[in-house]
Every structure is written in structure tokens, then in C-alpha cells.
Amino acid sequence: YDNPGLAPGVVDGDQIEFDVSIGYQWFLEAVRFSLYGGLNVQDHNHSPFDPGNSTEGSEAGFKAQAELESLPDTPFYYSVMGSYSTANDTYWARGRLGAKYQQFTVGPEVLVSGNNEYDGARAGVFGMYQQDNWSISASVGYADVNGTQGDDSLYGSFSIGIAY
């Protein structure tokens, strides 16, 4: 991120994060609903050191997460997921709505994320392949960022999920 008060005016950051949680999921008529809670540990390192960045160093906190996702045999796909950690007041939430074509799903997604030092929003499109209890997903779109996580830009993501 840019910080003109520090030489050379740009701060590079690395983050390592670890979660361990326990939870439960319910299968209702057309959805899977899950709740989790546990430990979240974050380690942020900035170069050069930025005394104005409150996330520097290691912090542990409680993390809660909730997920609501349509089951594979529903006529269209939807999901809402979100989490909050007391470590650096970190939050993340994503909503997706998709049209299904056999095992393939395509549609829009929106995300918000942040912590003590930044707030960001993303809007894009995702594609997903689902088979039984696993899925492969990719998305692209535009990210609008305020704070220490860089500039507005295009984003891309790839994930593999297993429901059990």
C-alpha cells in the first residue's frame, strides 16, 4: 500500500492466518446451514515497518462464521457466507446467486471484507462445477479498496470445496 510518510513511499505486507473451529450444520429442505466458532490467529509483517498500522505483529481472537447454501438438487444456486474475528476486527462476507446447467453454475457475486486498516468490496461473476459433495469454483471481477490493502483493481479467485 502507499504511505508517502515512509521511505520509499510503499509498504509491502505479508499475512499468515490460521483458524481452528468447531461447528454444526443442518440440512433443511433446500439448504445447508452451518455455524462455527473458534480460534483465529493472524500475523502481519510490514516492510518497512509502519508504526501507524495497527495490524503489525501477531494477534489471536475469537472467530464466528455462518454459511447458508442451496443444496445441489435445487433449481438455482444461492449462498450467503460471512465471518467475523476479534483479531484486528476482521470481517468477510460473500453472496452468490447462480443459474444452474446440470452440474455447472454461473452467476454474479458480491463480497465485502476488512479489518482495522482497510475496507473492501468486490463485484464480479463466478462459475462453479458441483458433483456430489464437492465443488470447484472460479471468479473474476472488480475490487474497490479503501485503506492499506492496495489500489482498486481486477480480482480473480479459485477454490475447491468439500461439504461433509
# chains A, B, ... in the order shown; residues from 1 in each chain; ligands from 1
call {"tool": "closest_atom_pairs", "arguments": {"of": "stretch 73-152 of chain A", "to": "stretch 46-69 of chain A", "cutoff": "9 Å", "atoms": "only C-alpha atoms", "output": "CSV"}}
result
residue,atom,partner,partner_atom,distance
A:Tyr77,CA,A:Glu69,CA,7.8
A:Tyr78,CA,A:Glu69,CA,5.9
A:Ser79,CA,A:Glu69,CA,4.2
A:Val80,CA,A:Leu68,CA,5.3
A:Met81,CA,A:Glu67,CA,4.3
A:Gly82,CA,A:Ala66,CA,5.6
A:Ser83,CA,A:Gln65,CA,4.2
A:Tyr84,CA,A:Ala64,CA,5.5
A:Ser85,CA,A:Lys63,CA,4.1
A:Thr86,CA,A:Gly61,CA,4.9
A:Ala87,CA,A:Gly61,CA,4.5
A:Asn88,CA,A:Thr55,CA,6.3
A:Asp89,CA,A:Gly61,CA,8.9
A:Thr90,CA,A:Lys63,CA,8.9
A:Asn115,CA,A:Thr55,CA,8.5
A:Asn116,CA,A:Ser54,CA,7.0
A:Glu117,CA,A:Asn53,CA,6.9
A:Thr148,CA,A:Asn53,CA,8.3
call {"tool": "residues_around", "arguments": {"residues": "A:Gly127", "least_positions_apart": "2", "cutoff": "9 Å", "atoms": "only C-alpha atoms", "output": "short mmCIF file (atom, residue, chain, number, x, y, z; two decimals) with N, CA, C and O atoms, in the first residue's frame"}}
result
data_model
loop_
_atom_site.label_atom_id
_atom_site.label_comp_id
_atom_site.auth_asym_id
_atom_site.auth_seq_id
_atom_site.Cartn_x
_atom_site.Cartn_y
_atom_site.Cartn_z
N GLY A 98 -26.86 -17.99 -8.68
CA GLY A 98 -26.46 -18.55 -9.97
C GLY A 98 -27.52 -19.37 -10.66
O GLY A 98 -28.40 -19.96 -10.04
N PHE A 104 -23.05 -27.45 -13.71
CA PHE A 104 -22.40 -26.15 -13.85
C PHE A 104 -23.32 -25.03 -13.37
O PHE A 104 -24.52 -25.06 -13.61
N THR A 105 -22.74 -24.04 -12.72
CA THR A 105 -23.47 -22.88 -12.22
C THR A 105 -22.70 -21.62 -12.59
O THR A 105 -21.48 -21.59 -12.46
N VAL A 106 -23.42 -20.59 -13.05
CA VAL A 106 -22.81 -19.31 -13.40
C VAL A 106 -23.71 -18.19 -12.86
O VAL A 106 -24.93 -18.30 -12.93
N GLY A 107 -23.06 -17.13 -12.33
CA GLY A 107 -23.86 -16.02 -11.84
C GLY A 107 -23.02 -14.93 -11.19
O GLY A 107 -21.80 -15.02 -11.14
N PRO A 108 -23.68 -13.91 -10.66
CA PRO A 108 -22.97 -12.79 -10.02
C PRO A 108 -22.60 -13.11 -8.57
O PRO A 108 -23.23 -13.95 -7.93
N VAL A 125 -18.35 -12.05 -11.31
CA VAL A 125 -19.09 -13.21 -11.80
C VAL A 125 -18.32 -14.46 -11.40
O VAL A 125 -17.08 -14.45 -11.32
N TYR A 129 -18.46 -25.81 -10.73
CA TYR A 129 -18.82 -27.16 -11.10
C TYR A 129 -19.04 -27.92 -9.79
O TYR A 129 -18.17 -27.95 -8.92
N ILE A 136 -15.76 -27.10 -7.47
CA ILE A 136 -14.63 -26.29 -7.92
C ILE A 136 -15.22 -24.98 -8.42
O ILE A 136 -16.19 -24.98 -9.18
N SER A 137 -14.65 -23.86 -7.98
CA SER A 137 -15.22 -22.56 -8.30
C SER A 137 -14.13 -21.58 -8.70
O SER A 137 -13.02 -21.61 -8.17
N ALA A 138 -14.45 -20.68 -9.63
CA ALA A 138 -13.55 -19.60 -10.03
C ALA A 138 -14.38 -18.34 -10.20
O ALA A 138 -15.57 -18.41 -10.55
N SER A 139 -13.77 -17.18 -9.96
CA SER A 139 -14.49 -15.93 -10.13
C SER A 139 -13.53 -14.84 -10.58
O SER A 139 -12.33 -14.90 -10.35
#
call {"tool": "residues_around", "arguments": {"residues": "stretch 156-160 of chain A", "least_positions_apart": "3", "cutoff": "12 Å", "atoms": "only C-alpha atoms", "output": "ChimeraX atom specification"}}
result
/A:109,111,122-131,133-143,153,163
call {"tool": "residues_around", "arguments": {"residues": "stretch 21-32 of chain A", "least_positions_apart": "2", "cutoff": "6 Å", "atoms": "only C-alpha atoms", "output": "MDAnalysis selection string"}}
result
chainID A and resid 34:38 68:71
call {"tool": "write_last_selection", "arguments": {"atoms": "N, CA and C atoms", "output": "JSON list (two decimals), in the first residue's frame"}}
result
[["chain", "number", "residue", "atom", "x", "y", "z"],
["A", 34, "SER", "N", -24.81, -23.70, 8.34],
["A", 34, "SER", "CA", -23.71, -24.07, 9.22],
["A", 34, "SER", "C", -23.33, -22.90, 10.11],
["A", 35, "LEU", "N", -22.95, -23.22, 11.34],
["A", 35, "LEU", "CA", -22.42, -22.24, 12.30],
["A", 35, "LEU", "C", -21.13, -22.80, 12.88],
["A", 36, "TYR", "N", -20.11, -21.94, 12.98],
["A", 36, "TYR", "CA", -18.81, -22.34, 13.51],
["A", 36, "TYR", "C", -18.33, -21.28, 14.49],
["A", 37, "GLY", "N", -17.48, -21.68, 15.42],
["A", 37, "GLY", "CA", -16.82, -20.75, 16.31],
["A", 37, "GLY", "C", -15.49, -21.33, 16.73],
["A", 38, "GLY", "N", -14.48, -20.46, 16.90],
["A", 38, "GLY", "CA", -13.19, -20.97, 17.30],
["A", 38, "GLY", "C", -12.11, -19.91, 17.37],
["A", 68, "LEU", "N", -24.95, -20.26, 4.58],
["A", 68, "LEU", "CA", -26.24, -20.72, 4.08],
["A", 68, "LEU", "C", -26.05, -20.98, 2.60],
["A", 69, "GLU", "N", -26.30, -22.23, 2.16],
["A", 69, "GLU", "CA", -26.06, -22.59, 0.77],
["A", 69, "GLU", "C", -27.14, -23.56, 0.29],
["A", 70, "SER", "N", -27.58, -23.33, -0.94],
["A", 70, "SER", "CA", -28.60, -24.22, -1.50],
["A", 70, "SER", "C", -28.00, -25.60, -1.74],
["A", 71, "LEU", "N", -28.84, -26.61, -1.68],
["A", 71, "LEU", "CA", -28.40, -27.98, -1.92],
["A", 71, "LEU", "C", -28.26, -28.23, -3.43]]
call {"tool": "atom_distance", "arguments": {"atom1": "atom CA of A:Glu17", "atom2": "atom CA of A:Asp151"}}
result
22.0 Å
call {"tool": "closest_residue", "arguments": {"among": "A:Lys100, A:Phe33, A:Leu154, A:Gly114", "to": "A:Asp73", "atoms": "only C-alpha atoms"}}
result
A:Lys100
call {"tool": "closest_residue", "arguments": {"among": "A:Gly161, A:Gly150, A:Phe76, A:Leu97", "to": "A:Val11", "atoms": "only C-alpha atoms"}}
result
A:Gly150
call {"tool": "atom_distance", "arguments": {"atom1": "atom CA of A:Leu6", "atom2": "atom CA of A:Ala121"}}
result
26.8 Å
call {"tool": "atom_distance", "arguments": {"atom1": "atom CA of A:Pro72", "atom2": "atom CA of A:Gln103"}}
result
8.3 Å
call {"tool": "select_by_dssp", "arguments": {"residues": "stretch 23-125 of chain A", "states": "strand (DSSP E)", "output": "PyMOL selection string"}}
result
chain A and resi 23-27+31-47+57-70+76-85+90-101+104-115+118-125
